[in-house]
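Enquirer: Here you go, one structure.
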Amino acid sequence: MPAPRPPRAEPLCRRCRHYVITYNPDFPYGCRAMGFSSKRLPCLDVQEASGQTCLRFTPKTTPPRG
């Protein structure tokens with residue numbers, strides 16, 4: 001049984017309200033806040049380009065259950 005992964009320090013795009021899946025197969029992942037699409041998760045491109053984690057990360061809100 002593999003060891004559990006440690007929690008990631010950087011924000012994950014899939015948990016951000018600005019993250020989108022595009023219709024473009026060449027650039028399937030996008031960020032509304034930054035205004036670009038990428039072949040990989042936008043937070044990885046941001047970190048590679050700036051050396052910082054994404055500063056536009058906003059957690060998704062979940063609707064109340066009821």
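Ordered as shown in the structure tokens, chains take letters A, B, and onward, while each chain numbers its residues from 1 and ligands are numbered from 1 in the order shown.
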Let's see if you can do this: from backbone DSSP, list all alpha helix (DSSP H) residues in chain A, as a list in words.

Expert: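 Of chain A, only Pro42, Cys43, Leu44, Asp45, Val46, Gln47, Glu48, Ala49 and Ser50 of chain A fall in alpha helix (DSSP H).
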
Enquirer: Could the residues in this selection be written to a file with C-alpha atoms, as a compact mmCIF listing (two decimals), in the first residue's frame?

Expert:
# COMPACT_ATOMS: atom_id res chain seq x y z
CA PRO A 42 -2.59 27.34 -14.73
CA CYS A 43 -1.20 27.45 -11.17
CA LEU A 44 1.84 25.50 -12.41
CA ASP A 45 2.49 28.01 -15.20
CA VAL A 46 2.09 30.92 -12.76
CA GLN A 47 4.52 29.37 -10.31
CA GLU A 48 7.05 28.62 -13.03
CA ALA A 49 6.87 32.13 -14.50
CA SER A 50 6.84 34.14 -11.26

Enquirer: Tell me, as a list in words, which residues lie within 8 Å of Pro28 in chain A, counting only C-alpha atoms; anything in the same chain fewer than 3 positions away does not count.

Expert: Ile21, Thr22, Tyr23, Asn24, Pro25, Ser37, Ser38, Lys39 and Arg40 of chain A

Enquirer: What does the file look like for those residues with all heavy atoms, as a PDB file, in the first residue's frame?

Expert:
ATOM      1  N   ILE A  21     -12.488  24.594 -17.573  1.00  0.00           N
ATOM      2  CA  ILE A  21     -12.089  23.651 -18.611  1.00  0.00           C
ATOM      3  C   ILE A  21     -12.548  24.273 -19.922  1.00  0.00           C
ATOM      4  O   ILE A  21     -13.710  24.635 -20.064  1.00  0.00           O
ATOM      5  CB  ILE A  21     -12.759  22.275 -18.415  1.00  0.00           C
ATOM      6  CG1 ILE A  21     -12.382  21.670 -17.078  1.00  0.00           C
ATOM      7  CG2 ILE A  21     -12.412  21.332 -19.559  1.00  0.00           C
ATOM      8  CD1 ILE A  21     -10.937  21.283 -16.934  1.00  0.00           C
ATOM      9  N   THR A  22     -11.632  24.409 -20.869  1.00  0.00           N
ATOM     10  CA  THR A  22     -11.963  25.053 -22.138  1.00  0.00           C
ATOM     11  C   THR A  22     -12.373  24.014 -23.171  1.00  0.00           C
ATOM     12  O   THR A  22     -12.222  22.813 -22.957  1.00  0.00           O
ATOM     13  CB  THR A  22     -10.758  25.848 -22.676  1.00  0.00           C
ATOM     14  OG1 THR A  22      -9.759  24.927 -23.112  1.00  0.00           O
ATOM     15  CG2 THR A  22     -10.174  26.775 -21.621  1.00  0.00           C
ATOM     16  N   TYR A  23     -12.858  24.480 -24.292  1.00  0.00           N
ATOM     17  CA  TYR A  23     -13.198  23.602 -25.414  1.00  0.00           C
ATOM     18  C   TYR A  23     -12.025  23.408 -26.363  1.00  0.00           C
ATOM     19  O   TYR A  23     -12.134  22.688 -27.329  1.00  0.00           O
ATOM     20  CB  TYR A  23     -14.380  24.170 -26.199  1.00  0.00           C
ATOM     21  CG  TYR A  23     -15.675  24.077 -25.436  1.00  0.00           C
ATOM     22  CD1 TYR A  23     -16.202  25.178 -24.784  1.00  0.00           C
ATOM     23  CD2 TYR A  23     -16.370  22.882 -25.363  1.00  0.00           C
ATOM     24  CE1 TYR A  23     -17.384  25.093 -24.081  1.00  0.00           C
ATOM     25  CE2 TYR A  23     -17.543  22.773 -24.659  1.00  0.00           C
ATOM     26  CZ  TYR A  23     -18.054  23.883 -24.023  1.00  0.00           C
ATOM     27  OH  TYR A  23     -19.216  23.794 -23.319  1.00  0.00           O
ATOM     28  N   ASN A  24     -10.931  24.054 -26.098  1.00  0.00           N
ATOM     29  CA  ASN A  24      -9.755  23.972 -26.949  1.00  0.00           C
ATOM     30  C   ASN A  24      -8.903  22.763 -26.531  1.00  0.00           C
ATOM     31  O   ASN A  24      -8.313  22.772 -25.455  1.00  0.00           O
ATOM     32  CB  ASN A  24      -8.937  25.263 -26.827  1.00  0.00           C
ATOM     33  CG  ASN A  24      -7.770  25.303 -27.771  1.00  0.00           C
ATOM     34  OD1 ASN A  24      -7.345  24.292 -28.313  1.00  0.00           O
ATOM     35  ND2 ASN A  24      -7.233  26.494 -27.962  1.00  0.00           N
ATOM     36  N   PRO A  25      -8.811  21.724 -27.360  1.00  0.00           N
ATOM     37  CA  PRO A  25      -8.030  20.548 -26.968  1.00  0.00           C
ATOM     38  C   PRO A  25      -6.535  20.819 -26.831  1.00  0.00           C
ATOM     39  O   PRO A  25      -5.834  20.086 -26.143  1.00  0.00           O
ATOM     40  CB  PRO A  25      -8.320  19.530 -28.070  1.00  0.00           C
ATOM     41  CG  PRO A  25      -8.839  20.313 -29.215  1.00  0.00           C
ATOM     42  CD  PRO A  25      -9.453  21.565 -28.660  1.00  0.00           C
ATOM     43  N   SER A  37      -5.193  30.358 -21.064  1.00  0.00           N
ATOM     44  CA  SER A  37      -5.405  28.918 -21.092  1.00  0.00           C
ATOM     45  C   SER A  37      -4.048  28.245 -21.218  1.00  0.00           C
ATOM     46  O   SER A  37      -3.085  28.852 -21.693  1.00  0.00           O
ATOM     47  CB  SER A  37      -6.271  28.526 -22.280  1.00  0.00           C
ATOM     48  OG  SER A  37      -7.534  29.106 -22.170  1.00  0.00           O
ATOM     49  N   SER A  38      -3.986  26.981 -20.825  1.00  0.00           N
ATOM     50  CA  SER A  38      -2.706  26.287 -20.788  1.00  0.00           C
ATOM     51  C   SER A  38      -2.891  24.801 -21.064  1.00  0.00           C
ATOM     52  O   SER A  38      -3.994  24.267 -20.967  1.00  0.00           O
ATOM     53  CB  SER A  38      -2.084  26.476 -19.401  1.00  0.00           C
ATOM     54  OG  SER A  38      -0.864  25.780 -19.297  1.00  0.00           O
ATOM     55  N   LYS A  39      -1.790  24.135 -21.379  1.00  0.00           N
ATOM     56  CA  LYS A  39      -1.802  22.684 -21.555  1.00  0.00           C
ATOM     57  C   LYS A  39      -1.777  21.980 -20.204  1.00  0.00           C
ATOM     58  O   LYS A  39      -2.103  20.816 -20.110  1.00  0.00           O
ATOM     59  CB  LYS A  39      -0.599  22.235 -22.374  1.00  0.00           C
ATOM     60  CG  LYS A  39      -0.698  22.638 -23.810  1.00  0.00           C
ATOM     61  CD  LYS A  39       0.422  22.049 -24.613  1.00  0.00           C
ATOM     62  CE  LYS A  39       0.226  22.472 -26.063  1.00  0.00           C
ATOM     63  NZ  LYS A  39       0.975  21.660 -26.973  1.00  0.00           N
ATOM     64  N   ARG A  40      -1.366  22.687 -19.169  1.00  0.00           N
ATOM     65  CA  ARG A  40      -1.331  22.119 -17.825  1.00  0.00           C
ATOM     66  C   ARG A  40      -2.056  23.057 -16.867  1.00  0.00           C
ATOM     67  O   ARG A  40      -2.539  24.097 -17.283  1.00  0.00           O
ATOM     68  CB  ARG A  40       0.100  21.853 -17.384  1.00  0.00           C
ATOM     69  CG  ARG A  40       0.972  23.074 -17.417  1.00  0.00           C
ATOM     70  CD  ARG A  40       2.408  22.719 -17.197  1.00  0.00           C
ATOM     71  NE  ARG A  40       3.188  23.944 -17.012  1.00  0.00           N
ATOM     72  CZ  ARG A  40       4.319  23.998 -16.379  1.00  0.00           C
ATOM     73  NH1 ARG A  40       4.840  22.904 -15.856  1.00  0.00           N
ATOM     74  NH2 ARG A  40       4.961  25.124 -16.259  1.00  0.00           N
TER      75      ARG A  40
END

Enquirer: So how many Å separate CA of Lys60 in chain A and CA of His18 in chain A, to one decimal?

Expert: 8.4 Å

Enquirer: For the strand (DSSP E or B) assignment from backbone DSSP, which residues of chain A qualify? Please present them as a list in words.

Expert: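 The strand (DSSP E or B) subset of chain A is Cys16, Tyr19, Val20, Ile21, Tyr29, Gly30, Cys31, Phe36, Ser37, Ser38 and Pro59 of chain A.
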
Enquirer: For Met34 in chain A, which residue among A:Arg56, A:Gly51, A:Thr61, A:Leu12 is the nearest when counting only C-alpha atoms?

Expert: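 The closest residue to Met34 in chain A is A:Arg56.
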
Enquirer: For Ala33 in chain A, which residue among A:Gln52, A:Arg14, A:Arg65, A:Phe57 is the nearest when counting only C-alpha atoms?

Expert: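 Checking each of A:Gln52, A:Arg14, A:Arg65, A:Phe57 against Ala33 in chain A, counting only C-alpha atoms, the winner is A:Phe57.
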
Enquirer: Can you tell me, as a PyMOL selection string, what residues are no more than 7 Å from Tyr19 in chain A when counting only C-alpha atoms, ignoring any on the same chain fewer than 5 positions away?

Expert: chain A and resi 13-14+30-32
